[in-house]
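**Student:** Got a structure for you, written out below as structure tokens; questions coming shortly.
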Amino acid sequence: MNRVAKIGLGCLLLPVGLTVLSVLFFLTMKAAGVPDPAPKEQEFAQEIGTRLEGLAPGTTMQRADDASALSASAAAAAVIVEIDVEECAFYLESGPPEDGVRVEANYDEATYELTKSYDMEGDTPVFRLKFRSTISFWRRIAQDGNFSDADIAMNEITVFLPEETPIVLRAKMAKGEGEMLLDDLVLTEFVTEGRMGEYSFSMDTPNPVTMESSSITLAMGEGTFRGLSNLRARELEIQGSMGEIRLDFGSTLLVDTAVLARMKKGEMSIEVPDDALYDPESRVK
């Protein structure tokens with residue numbers, strides 16, 4: 001058999017081989033199955049013990065001459081909160097300062113795991129929360145034929161962050177839904193990333209301090225973000241890959257904010273106040 005014939009035969013057999021391997025993989029995942037649900041309720045709190053000096057309870061804005069000093073003080077005293085969750089309904093809102101970070105969770109313990117940690121990075125306290133599936137995504141697909149809202153219906157994670165505490169908030173959410181109500185929080189940095197799901201946040205009260213930068217990323221899905229001007233970020237970067245994003249800055253910008261918004265495939269709508277300036281070199285296509 002000459003070389004051309006061998007190459008041709010190989011090209012014919014390759015799809016057959018891949019099909020056989022795919023079928024074997026699917027049957028293996030189906031044979032492994034998915035354990036019966038084991039509902040679990042869990043609640044815990046982590047004391048943080050850091051408050052922003054000079055911020056009276058209920059204060060939402062500072063005088064202009066105090067803003068820079070307060071922002072610098074907040075950045076130096078900030079607690080880092082990192083949240084990484086998937087396949088759940090995730091909610092975040094403010095809570096009493098004395099509670100620290102409080103978590104309420106209802107989930108399927110048979111196939112999911114909730115972990116937390118609290119340690120120091122130098123002089124900075126770091127709280128981490130993770131919620132992960134303990135079995136393969138493909139095992140669920142092989143078992144039920146698809147992955148739907150019913151698979152995450154019993155997984156609900158609610159996080160309460162302490163008011164009056166300077167916080168660097170970094171949140172990652174995937175294959176689920178998430179809603180963050182940022183009112184009454186003191187944010188020195190805000191980074192959020194959503195993948196395959198429906199996510200939103202709102203901030204109806206102004207952030208007491210000015211943050212240097214904030215970042216919002218939506219890889220795939222639908223996102224609604226309200227009160228962006230209340231973040232009081234000097235720089236705001238928003239990136240969307242596929243889906244639909246709605247941005248609402250409110251009636252006015254509270255600080256000079258450079259906004260960079262990119263969208264690859266899908267739709268992005270932006271509501272800006274009347275005092276916003278448009279860069280004529282921006283491209284829309």
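Going by the structure tokens order, chains are called A, B, ..., each with residues numbered from 1, while ligands are numbered from 1 in the order shown.
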Write out as a list in words which residues come within 7 Å of A:Lys264 when counting only C-alpha atoms, dropping same-chain ones fewer than 5 positions away.
**Tutor:**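 Counting only C-alpha atoms, the residues come to Gly240, Ser241 and Met242 of chain A.
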**Student:** Can you tell me, as a ChimeraX atom specification, what residues are no more than 7 Å from A:Leu187 when counting only C-alpha atoms, ignoring any on the same chain fewer than 5 positions away?
**Tutor:** /A:166-168,207
**Student:** Considering only C-alpha atoms, state which residue in the set A:Ala74, A:Leu92, A:Glu222, A:Gly250 is at the smallest distance from A:Val209.
**Tutor:** A:Ala74
**Student:** Neighbouring residues of A:Gly197 were defined as those with any atom within 8 Å, considering only C-alpha atoms; residues of the same chain fewer than 5 positions away were excluded. Please report them as a VMD selection string.
**Tutor:** chain A and resid 174 to 177 220 to 222
**Student:** Those same residues, written as a CSV table (one decimal), in the first residue's frame with N, CA, C and O atoms?
**Tutor:**
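Saved as part_22.csv:
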```csv
chain,number,residue,atom,x,y,z
A,174,ALA,N,-19.8,30.8,38.3
A,174,ALA,CA,-19.9,30.0,37.1
A,174,ALA,C,-21.1,29.0,37.1
A,174,ALA,O,-21.4,28.5,38.2
A,175,LYS,N,-21.7,28.8,35.9
A,175,LYS,CA,-22.8,27.9,35.7
A,175,LYS,C,-23.8,28.0,36.8
A,175,LYS,O,-24.2,27.0,37.5
A,176,GLY,N,-24.4,29.2,36.9
A,176,GLY,CA,-25.4,29.4,37.9
A,176,GLY,C,-26.0,30.8,37.8
A,176,GLY,O,-26.1,31.3,36.7
A,177,GLU,N,-26.4,31.3,38.9
A,177,GLU,CA,-26.9,32.7,38.9
A,177,GLU,C,-26.4,33.4,40.2
A,177,GLU,O,-26.1,32.8,41.2
A,220,MET,N,-19.9,34.4,29.4
A,220,MET,CA,-21.0,33.9,28.7
A,220,MET,C,-22.3,34.0,29.6
A,220,MET,O,-22.3,33.5,30.7
A,221,GLY,N,-23.3,34.6,29.1
A,221,GLY,CA,-24.6,34.7,29.8
A,221,GLY,C,-25.2,36.0,29.8
A,221,GLY,O,-25.0,36.8,28.8
A,222,GLU,N,-25.9,36.4,30.8
A,222,GLU,CA,-26.6,37.7,30.9
A,222,GLU,C,-26.3,38.4,32.2
A,222,GLU,O,-26.2,37.8,33.3
```
